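What follows is structure.tsv (TSV, C-alpha atoms).
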chain	number	residue	atom	x	y	z
A	1	MET	CA	218.39	16.10	-40.48
A	2	ARG	CA	222.17	16.19	-40.09
A	3	MET	CA	223.18	15.37	-36.53
A	4	VAL	CA	226.98	15.30	-36.74
A	5	LEU	CA	229.61	17.94	-37.41
A	6	THR	CA	231.78	17.66	-40.48
A	7	PRO	CA	235.56	17.42	-40.00
A	8	GLN	CA	235.82	21.05	-41.18
A	9	GLU	CA	233.26	22.19	-38.59
A	10	GLN	CA	235.01	20.24	-35.83
A	11	SER	CA	238.24	21.94	-36.88
A	12	LEU	CA	236.66	25.41	-36.57
A	13	LEU	CA	235.72	24.66	-32.96
A	14	GLY	CA	239.05	23.10	-32.02
A	15	GLU	CA	241.19	25.78	-33.63
A	16	ALA	CA	239.19	28.60	-32.02
A	17	ARG	CA	239.50	27.00	-28.59
A	18	LYS	CA	243.25	26.50	-28.98
A	19	TRP	CA	243.69	30.07	-30.25
A	20	ALA	CA	241.73	31.63	-27.38
A	21	MET	CA	243.61	29.60	-24.76
A	22	GLU	CA	246.90	30.82	-26.23
A	23	HIS	CA	246.11	34.45	-27.01
A	24	TRP	CA	243.34	35.47	-24.59
A	25	ASN	CA	243.12	33.21	-21.56
A	26	PRO	CA	246.53	34.03	-20.02
A	27	HIS	CA	245.67	37.75	-20.00
A	28	SER	CA	241.99	37.62	-19.03
A	29	ASP	CA	242.46	38.52	-15.39
A	30	ALA	CA	244.75	41.45	-16.20
A	31	TRP	CA	242.28	42.85	-18.73
A	32	GLU	CA	239.36	42.41	-16.35
A	33	THR	CA	241.22	44.02	-13.45
A	34	ALA	CA	242.44	46.98	-15.53
A	35	ARG	CA	238.88	47.64	-16.81
A	36	GLN	CA	240.47	48.69	-20.08
A	37	PHE	CA	239.45	47.67	-23.59
A	38	PRO	CA	242.20	45.30	-24.83
A	39	ARG	CA	242.48	46.67	-28.34
A	40	GLU	CA	245.55	44.51	-28.92
A	41	ALA	CA	243.44	41.39	-28.28
A	42	TYR	CA	241.04	42.31	-31.07
A	43	ALA	CA	243.89	43.36	-33.35
A	44	GLN	CA	245.29	39.84	-32.98
A	45	ALA	CA	241.82	38.38	-33.55
A	46	ALA	CA	241.52	40.40	-36.76
A	47	ALA	CA	244.97	39.33	-37.97
A	48	ASP	CA	244.06	35.68	-37.41
A	49	GLY	CA	240.65	35.84	-39.09
A	50	TYR	CA	238.25	36.08	-36.15
A	51	LEU	CA	236.78	39.45	-37.10
A	52	GLY	CA	234.41	39.51	-40.04
A	53	LEU	CA	233.44	35.84	-39.67
A	54	ALA	CA	230.12	36.25	-41.49
A	55	SER	CA	231.17	39.15	-43.74
A	56	SER	CA	231.75	38.60	-47.44
A	57	LYS	CA	235.22	37.77	-48.68
A	58	GLN	CA	235.16	40.86	-50.88
A	59	TYR	CA	235.36	42.91	-47.66
A	60	GLY	CA	238.03	40.71	-46.07
A	61	GLY	CA	235.63	38.43	-44.18
A	62	ARG	CA	235.26	34.64	-44.15
A	63	ASP	CA	231.57	34.42	-45.19
A	64	LEU	CA	230.77	31.70	-42.63
A	65	ASP	CA	227.21	30.54	-41.99
A	66	ALA	CA	225.49	30.74	-38.59
A	67	LEU	CA	226.51	27.23	-37.50
A	68	SER	CA	230.16	27.77	-38.39
A	69	CYS	CA	230.18	31.11	-36.54
A	70	ALA	CA	228.55	29.46	-33.52
A	71	LEU	CA	231.29	26.82	-33.43
A	72	VAL	CA	233.98	29.50	-33.51
A	73	TYR	CA	232.31	31.48	-30.70
A	74	GLU	CA	231.96	28.37	-28.55
A	75	GLY	CA	235.68	27.73	-28.98
A	76	LEU	CA	236.66	31.33	-28.25
A	77	ALA	CA	234.42	31.47	-25.17
A	78	TYR	CA	236.33	28.52	-23.71
A	79	GLY	CA	239.27	30.91	-23.45
A	80	ASP	CA	237.46	34.16	-22.60
A	81	PRO	CA	233.63	34.47	-22.69
A	82	SER	CA	233.70	38.20	-22.00
A	83	LEU	CA	235.80	39.13	-25.04
A	84	THR	CA	233.83	36.63	-27.12
A	85	THR	CA	230.56	38.33	-26.23
A	86	TYR	CA	231.60	41.68	-27.68
A	87	LEU	CA	233.25	39.94	-30.63
A	88	HIS	CA	230.09	38.10	-31.66
A	89	ILE	CA	227.95	41.24	-31.28
A	90	PHE	CA	230.37	43.30	-33.34
A	91	ASN	CA	230.82	40.65	-36.04
A	92	SER	CA	227.06	40.22	-36.40
A	93	LEU	CA	226.49	43.95	-36.79
A	94	VAL	CA	229.16	44.20	-39.48
A	95	SER	CA	227.69	41.33	-41.50
A	96	GLN	CA	224.16	42.72	-41.11
A	97	LEU	CA	225.33	46.10	-42.38
A	98	GLU	CA	226.29	44.44	-45.64
A	99	LYS	CA	223.75	41.64	-46.03
A	100	TRP	CA	220.52	42.90	-44.44
A	101	TYR	CA	220.44	46.55	-45.40
A	102	HIS	CA	221.15	48.69	-48.45
A	103	PRO	CA	223.36	51.47	-47.13
A	104	VAL	CA	225.03	54.13	-49.27
A	105	PRO	CA	228.52	53.34	-50.67
A	106	GLU	CA	230.14	55.52	-48.01
A	107	VAL	CA	228.75	53.21	-45.31
A	108	LEU	CA	229.72	50.02	-47.15
A	109	ALA	CA	233.23	51.44	-47.47
A	110	LEU	CA	233.57	51.21	-43.68
A	111	ILE	CA	233.28	47.40	-43.64
A	112	PRO	CA	236.96	46.63	-44.43
A	113	ASP	CA	237.98	48.82	-41.48
A	114	PHE	CA	235.59	46.91	-39.21
A	115	VAL	CA	236.83	43.52	-40.42
A	116	ALA	CA	240.43	44.62	-39.89
A	117	GLY	CA	239.72	45.90	-36.37
A	118	ARG	CA	240.62	49.47	-37.22
A	119	LYS	CA	237.14	50.71	-36.32
A	120	PHE	CA	234.41	49.38	-34.02
A	121	MET	CA	230.64	49.59	-33.88
A	122	ALA	CA	227.88	48.87	-31.33
A	123	PHE	CA	224.14	48.31	-31.14
A	124	ALA	CA	222.14	51.05	-29.37
A	125	LEU	CA	218.58	49.87	-28.77
A	126	SER	CA	217.90	49.59	-25.01
A	127	GLU	CA	217.10	52.45	-22.66
A	128	LEU	CA	217.17	52.63	-18.87
A	129	ASP	CA	213.38	52.48	-18.63
A	130	ALA	CA	212.89	50.23	-21.65
A	131	GLY	CA	215.26	47.28	-21.51
A	132	SER	CA	212.98	44.27	-22.02
A	133	ASP	CA	210.44	46.34	-23.98
A	134	PRO	CA	212.43	48.30	-26.58
A	135	ALA	CA	209.26	49.62	-28.22
A	136	ALA	CA	208.66	51.63	-25.04
A	137	GLY	CA	211.87	53.60	-25.57
A	138	LYS	CA	211.64	57.38	-25.66
A	139	ALA	CA	214.52	58.37	-27.95
A	140	TRP	CA	213.10	59.93	-31.10
A	141	CYS	CA	213.98	61.69	-34.30
A	142	THR	CA	212.41	64.36	-36.44
A	143	GLU	CA	213.14	65.33	-40.05
A	144	ASP	CA	214.93	68.52	-40.96
A	145	GLY	CA	215.86	68.72	-44.63
A	146	ASP	CA	218.40	66.00	-45.43
A	147	ASP	CA	218.95	65.14	-41.76
A	148	TYR	CA	217.32	63.39	-38.85
A	149	VAL	CA	217.54	65.30	-35.58
A	150	VAL	CA	217.83	62.75	-32.76
A	151	THR	CA	217.21	63.30	-29.05
A	152	GLY	CA	217.21	60.77	-26.22
A	153	ASP	CA	219.39	58.32	-24.32
A	154	LYS	CA	220.55	54.75	-24.92
A	155	ALA	CA	221.84	52.40	-22.23
A	156	TRP	CA	224.05	49.32	-21.92
A	157	VAL	CA	225.89	49.97	-25.16
A	158	SER	CA	228.71	47.44	-25.55
A	159	ASN	CA	232.19	48.97	-25.77
A	160	SER	CA	230.61	52.41	-25.75
A	161	HIS	CA	233.82	54.19	-24.77
A	162	HIS	CA	235.75	52.86	-27.75
A	163	ASP	CA	233.22	52.44	-30.54
A	164	ASP	CA	233.52	54.60	-33.63
A	165	TYR	CA	229.93	54.08	-34.83
A	166	PHE	CA	226.57	53.21	-33.31
A	167	MET	CA	223.55	51.48	-34.85
A	168	LEU	CA	220.77	53.63	-33.36
A	169	ILE	CA	217.13	52.52	-33.23
A	170	VAL	CA	214.80	55.43	-32.34
A	171	HIS	CA	211.15	56.38	-32.74
A	172	GLY	CA	210.15	58.43	-35.76
A	173	PRO	CA	209.94	60.24	-37.97
A	174	GLY	CA	206.56	58.48	-38.42
A	175	ASP	CA	204.84	55.93	-36.23
A	176	GLY	CA	207.56	53.29	-36.37
A	177	MET	CA	211.21	53.15	-35.39
A	178	THR	CA	214.15	53.96	-37.65
A	179	MET	CA	217.59	52.34	-37.62
A	180	MET	CA	220.46	54.62	-38.59
A	181	LEU	CA	224.24	54.70	-38.34
A	182	ALA	CA	225.65	57.44	-36.13
A	183	ASP	CA	229.27	58.56	-36.15
A	184	ARG	CA	230.78	58.94	-32.69
A	185	SER	CA	232.01	62.41	-33.63
A	186	THR	CA	228.46	63.67	-34.26
A	187	PRO	CA	227.90	66.96	-32.36
A	188	GLY	CA	225.55	66.42	-29.43
A	189	LEU	CA	226.49	62.73	-28.99
A	190	THR	CA	228.25	62.00	-25.71
A	191	VAL	CA	229.08	58.83	-23.77
A	192	ASP	CA	228.47	58.57	-20.04
A	193	GLN	CA	230.77	57.03	-17.45
A	194	ASP	CA	230.91	53.24	-17.49
A	195	PRO	CA	229.34	51.86	-14.28
A	196	GLU	CA	231.17	49.22	-12.28
A	197	ARG	CA	229.86	45.72	-13.02
A	198	ILE	CA	230.37	42.27	-11.54
A	199	ALA	CA	231.95	40.88	-14.72
A	200	GLY	CA	232.93	41.68	-18.30
A	201	CYS	CA	234.80	44.75	-17.11
A	202	ALA	CA	237.31	44.81	-19.99
A	203	ILE	CA	234.44	45.91	-22.25
A	204	SER	CA	232.76	49.21	-21.36
A	205	CYS	CA	228.96	49.32	-21.23
A	206	GLY	CA	227.89	52.93	-20.86
A	207	GLN	CA	225.07	55.24	-21.90
A	208	LEU	CA	224.77	57.36	-25.02
A	209	HIS	CA	223.29	60.82	-24.67
A	210	LEU	CA	221.86	62.34	-27.86
A	211	ARG	CA	220.96	65.98	-27.77
A	212	GLY	CA	219.78	67.33	-31.11
A	213	CYS	CA	222.21	65.12	-33.04
A	214	ARG	CA	221.99	65.68	-36.77
A	215	ILE	CA	222.39	62.39	-38.62
A	216	PRO	CA	222.19	62.42	-42.43
A	217	LYS	CA	219.19	60.58	-43.85
A	218	ARG	CA	221.58	58.77	-46.17
A	219	ASN	CA	222.79	56.91	-43.04
A	220	THR	CA	219.39	55.21	-42.72
A	221	LEU	CA	219.81	51.44	-42.52
A	222	CYS	CA	216.21	50.35	-42.09
A	223	GLU	CA	212.91	52.17	-41.80
A	224	ASN	CA	211.39	49.26	-39.85
A	225	GLY	CA	214.10	49.46	-37.22
A	226	LEU	CA	212.42	47.53	-34.41
A	227	SER	CA	211.68	44.50	-36.58
A	228	ALA	CA	215.27	44.50	-37.83
A	229	ALA	CA	216.58	44.82	-34.28
A	230	LEU	CA	214.51	41.88	-33.04
A	231	ARG	CA	215.74	39.76	-35.92
A	232	ALA	CA	219.31	40.67	-35.00
A	233	ILE	CA	218.64	39.67	-31.40
A	234	ASP	CA	217.76	36.15	-32.59
A	235	THR	CA	221.33	35.78	-33.82
A	236	ALA	CA	222.68	37.38	-30.64
A	237	ARG	CA	220.74	34.85	-28.54
A	238	LEU	CA	222.24	31.97	-30.47
A	239	ASN	CA	225.73	33.35	-30.02
A	240	ALA	CA	225.14	34.04	-26.32
A	241	SER	CA	224.08	30.40	-26.03
A	242	VAL	CA	227.27	28.97	-27.50
A	243	THR	CA	229.26	31.43	-25.40
A	244	ALA	CA	227.54	29.95	-22.34
A	245	VAL	CA	228.33	26.44	-23.58
A	246	GLY	CA	232.01	27.29	-24.00
A	247	LEU	CA	232.09	28.91	-20.56
A	248	ALA	CA	230.40	25.91	-18.90
A	249	GLN	CA	232.70	23.42	-20.61
A	250	ARG	CA	235.75	25.34	-19.43
A	251	ALA	CA	234.38	25.35	-15.88
A	252	VAL	CA	233.81	21.57	-15.86
A	253	ASP	CA	237.26	20.90	-17.32
A	254	LEU	CA	238.90	23.25	-14.80
A	255	SER	CA	237.02	21.63	-11.94
A	256	ALA	CA	237.80	18.06	-12.97
A	257	ALA	CA	241.52	18.86	-13.30
A	258	TYR	CA	241.55	20.59	-9.90
A	259	LEU	CA	239.69	17.76	-8.17
A	260	ALA	CA	241.93	15.13	-9.75
A	261	GLY	CA	245.00	16.81	-8.27
A	262	ARG	CA	243.59	17.49	-4.81
A	263	GLU	CA	243.48	14.82	-2.09
A	264	THR	CA	241.28	14.52	0.99
A	265	PHE	CA	241.43	11.65	3.44
A	266	GLY	CA	244.21	10.11	1.37
A	267	LYS	CA	242.30	9.95	-1.92
A	268	PRO	CA	241.84	12.26	-4.94
A	269	VAL	CA	238.60	14.20	-4.56
A	270	LEU	CA	237.68	13.12	-8.09
A	271	SER	CA	237.47	9.50	-6.91
A	272	ASN	CA	234.42	10.42	-4.81
A	273	GLN	CA	231.32	8.96	-6.45
A	274	ALA	CA	229.12	11.92	-5.51
A	275	ILE	CA	231.56	14.30	-7.22
A	276	ARG	CA	231.68	12.13	-10.34
A	277	PHE	CA	227.90	11.95	-10.48
A	278	ARG	CA	227.56	15.72	-10.33
A	279	LEU	CA	230.20	16.19	-13.04
A	280	ALA	CA	228.36	13.62	-15.16
A	281	GLU	CA	225.13	15.57	-14.78
A	282	MET	CA	226.93	18.78	-15.72
A	283	GLN	CA	228.47	17.30	-18.85
A	284	THR	CA	225.12	15.87	-19.94
A	285	GLU	CA	223.43	19.25	-19.53
A	286	ILE	CA	226.20	20.93	-21.52
A	287	GLU	CA	225.76	18.46	-24.37
A	288	ALA	CA	222.01	19.07	-24.41
A	289	ALA	CA	222.53	22.85	-24.55
A	290	ARG	CA	225.28	22.49	-27.15
A	291	TRP	CA	223.18	20.51	-29.60
A	292	LEU	CA	220.13	22.69	-29.13
A	293	ALA	CA	222.37	25.62	-30.08
A	294	TYR	CA	223.71	23.78	-33.13
A	295	HIS	CA	220.16	22.91	-34.19
A	296	THR	CA	219.10	26.54	-33.76
A	297	ALA	CA	222.04	27.69	-35.88
A	298	SER	CA	221.09	25.23	-38.62
A	299	CYS	CA	217.51	26.54	-38.60
A	300	ILE	CA	218.73	30.14	-38.84
A	301	ASP	CA	220.87	29.12	-41.82
A	302	ALA	CA	217.86	27.47	-43.48
A	303	GLU	CA	215.12	29.96	-42.60
A	304	GLY	CA	216.90	33.23	-41.78
A	305	LYS	CA	215.44	33.54	-38.28
A	306	GLY	CA	215.43	31.79	-34.94
A	307	GLY	CA	212.24	32.90	-33.19
A	308	GLU	CA	211.10	30.63	-30.37
A	309	LEU	CA	213.99	28.25	-30.96
A	310	ALA	CA	216.53	31.01	-30.36
A	311	ALA	CA	214.72	31.85	-27.12
A	312	MET	CA	214.76	28.20	-26.01
A	313	CYS	CA	218.42	27.94	-26.92
A	314	LYS	CA	219.34	31.04	-24.91
A	315	LEU	CA	217.23	29.98	-21.93
A	316	LYS	CA	218.67	26.47	-21.81
A	317	ALA	CA	222.34	27.31	-22.35
A	318	THR	CA	222.65	30.30	-20.04
A	319	SER	CA	220.60	28.72	-17.22
A	320	THR	CA	222.71	25.58	-17.53
A	321	ALA	CA	225.94	27.57	-17.36
A	322	ALA	CA	224.83	29.51	-14.28
A	323	ASP	CA	223.68	26.35	-12.49
A	324	ILE	CA	226.92	24.56	-13.29
A	325	LEU	CA	229.08	27.46	-12.13
A	326	ARG	CA	227.28	27.67	-8.80
A	327	ASP	CA	228.47	24.12	-8.09
A	328	CYS	CA	231.87	24.38	-9.76
A	329	ILE	CA	232.94	27.27	-7.59
A	330	ARG	CA	232.16	25.15	-4.52
A	331	PHE	CA	234.46	22.41	-5.84
A	332	PHE	CA	237.30	24.89	-5.38
A	333	GLY	CA	236.34	25.72	-1.81
A	334	ALA	CA	237.95	28.87	-0.43
A	335	ALA	CA	240.23	29.06	-3.49
A	336	GLY	CA	237.16	29.74	-5.62
A	337	LEU	CA	236.42	32.90	-3.66
A	338	ASP	CA	239.52	34.62	-5.02
A	339	THR	CA	238.24	37.42	-7.23
A	340	HIS	CA	241.16	36.87	-9.62
A	341	SER	CA	240.63	33.12	-10.04
A	342	GLU	CA	239.36	31.94	-13.40
A	343	ILE	CA	236.52	29.95	-11.86
A	344	SER	CA	235.34	33.08	-10.04
A	345	ARG	CA	235.38	35.13	-13.26
A	346	LEU	CA	233.44	32.40	-15.07
A	347	MET	CA	230.86	32.24	-12.30
A	348	ARG	CA	230.28	35.99	-12.40
A	349	PHE	CA	230.03	36.13	-16.17
A	350	SER	CA	227.56	33.23	-16.26
A	351	HIS	CA	225.05	35.56	-14.58
A	352	VAL	CA	225.75	38.30	-17.11
A	353	LEU	CA	224.73	35.91	-19.89
A	354	GLU	CA	221.39	35.25	-18.17
A	355	ILE	CA	220.58	38.96	-18.56
A	356	THR	CA	222.04	40.11	-21.89
A	357	ASP	CA	220.07	39.79	-25.16
A	358	GLY	CA	216.85	39.54	-23.17
A	359	THR	CA	216.63	38.12	-19.66
A	360	ASN	CA	215.75	34.47	-19.34
A	361	GLU	CA	212.30	35.50	-18.13
A	362	ILE	CA	211.80	37.24	-21.47
A	363	GLN	CA	212.82	34.02	-23.24
A	364	LYS	CA	210.11	32.17	-21.29
A	365	LEU	CA	207.60	34.84	-22.30
A	366	ILE	CA	208.49	34.35	-25.99
A	367	ILE	CA	208.29	30.56	-25.73
A	368	GLY	CA	205.02	30.75	-23.78
A	369	LYS	CA	203.43	33.01	-26.39
A	370	GLY	CA	204.35	30.48	-29.06
A	371	ILE	CA	202.71	27.68	-27.11
A	372	ALA	CA	199.54	29.76	-26.63
A	373	ARG	CA	199.44	30.58	-30.36
A	374	ARG	CA	199.44	26.91	-31.27
A	375	CYS	CA	196.46	26.28	-29.00
A	376	ARG	CA	194.16	28.72	-30.80

Transcribe the structure of this file into structure tokens.
Amino acid sequence: MRMVLTPQEQSLLGEARKWAMEHWNPHSDAWETARQFPREAYAQAAADGYLGLASSKQYGGRDLDALSCALVYEGLAYGDPSLTTYLHIFNSLVSQLEKWYHPVPEVLALIPDFVAGRKFMAFALSELDAGSDPAAGKAWCTEDGDDYVVTGDKAWVSNSHHDDYFMLIVHGPGDGMTMMLADRSTPGLTVDQDPERIAGCAISCGQLHLRGCRIPKRNTLCENGLSAALRAIDTARLNASVTAVGLAQRAVDLSAAYLAGRETFGKPVLSNQAIRFRLAEMQTEIEAARWLAYHTASCIDAEGKGGELAAMCKLKATSTAADILRDCIRFFGAAGLDTHSEISRLMRFSHVLEITDGTNEIQKLIIGKGIARRCR
């Protein structure tokens, strides 16, 4: 088993980190405060090759494998984990559209616009009463000639106010769930007001309301929509994990630099052995989470799925990030309480990552089921 990164892989990580610190990090607070989708940030990302990471070169993408994408997302998250989260979701959906499904040519023709950042797309699976159990959702479709007629509601849809298309997963027309692509302009499809959240406010996260929406059957992506959605969530959990790793590493680096420049009782705070010990523990936990994520990515590349390993990866990385940020913000004292400080934004977003793509309790449930299966 390969346990080191190649020079090319190391370069992907380093270049992404440098790029995000230059293009995103200086503006993160302004974007968060304005609660406005920074379209210019994604336009720059597209121009510099960060959209379409896993899409084929024939569509303008880079055709990177899961490990290479994970390295890029870790680097980008060092500069802004919130923007990285939507970016990795969007990029994954675009690559899945091409590589997992067999859509009609009209749908494939949209991919260059996605890769270039001219159009955006989101995943619409969860519902208010069916977050951790998507099979319990109530949105459904019936057949009417060449169309599906869809009724129901979807919640927590990333960038809902600015997306042009939605990957919908709804019950019907038979016993299973169908995945289809819905155009934002579809009559009967509306987007609800974006609720205020503790973090990630530059990216909207509203509800979709579907009232008799007619979606052409030719827009069907998968007739076993739930299975396809759960497979997609494996990749999302990996990418959430490396986002958490990038976030945690930024927090430790910020804290160490702050403590090195701050004196108490005539000495730099960083010279305190207790402080150094805690930073050492943090860095060790980050490395453990980082390499579990890299291992998970390698397994997804080899086997096409993450399963329990993706759940372990997400549980470890996001819990580690949240634990680290709880201590890092205390390193800053009263300065860390400033809502506009970077360490405060990182702390808040670390808790978002513990919830998205399945709460960490759901990850434990998945891992526990796997353990029980092996005992039969």

Please identify every residue of region 18-38 of chain A that has at least one atom no farther than 12 Å from an atom of region 152-166 of chain A, counting all atoms listed in the file, and for each give the shortest atom pair and the distance in Å to one decimal, arranged by chain then increasing number, as a Markdown table.
| residue | atom | partner | partner_atom | distance |
| --- | --- | --- | --- | --- |
| A:Arg35 | CA | A:Asn159 | CA | 11.3 |
| A:Gln36 | CA | A:His161 | CA | 9.8 |
| A:Phe37 | CA | A:His162 | CA | 7.6 |
| A:Pro38 | CA | A:His162 | CA | 10.4 |

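Candidate residues A:Val104, A:Ala297, A:Leu230, A:Ala248 were compared for distance to Thr284 (chain A), and the nearest is A:Ala248, using only C-alpha atoms.
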
Just the residues within 12 Å of Asp113 (chain A), please, counting all atoms listed in the file, with nothing from its chain fewer than 4 positions along; format it as a PyMOL selection string.
-> chain A and resi 43+46+51-52+59-61+94+107-109+117-121+164-165

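Take the candidates A:Leu221, A:Leu87, A:Leu128, A:Leu247 and check each one against Leu208 (chain A) using all atoms listed in the file; the shortest distance goes to A:Leu128.
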
Residue nearest Ala310 (chain A) - candidates A:Ser68, A:Gln363, A:Gln273, A:Ser341, atoms counted: all atoms listed in the file = A:Gln363

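CA of Lys316 (chain A) is found 17.7 Å from CA of Arg348 (chain A).
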
CA of Met3 (chain A) and CA of Met312 (chain A), how far apart in Å?
->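 Separation between CA of Met312 (chain A) and CA of Met3 (chain A): 18.6 Å.
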
Find the spatial neighbours of region 227-229 of chain A, counting all atoms listed in the file, within a cut-off of 8 Å - ignore same-chain residues fewer than 5 positions away - and output them as a list of chain:residue names.
-> A:Leu125, A:Ile169, A:Cys222
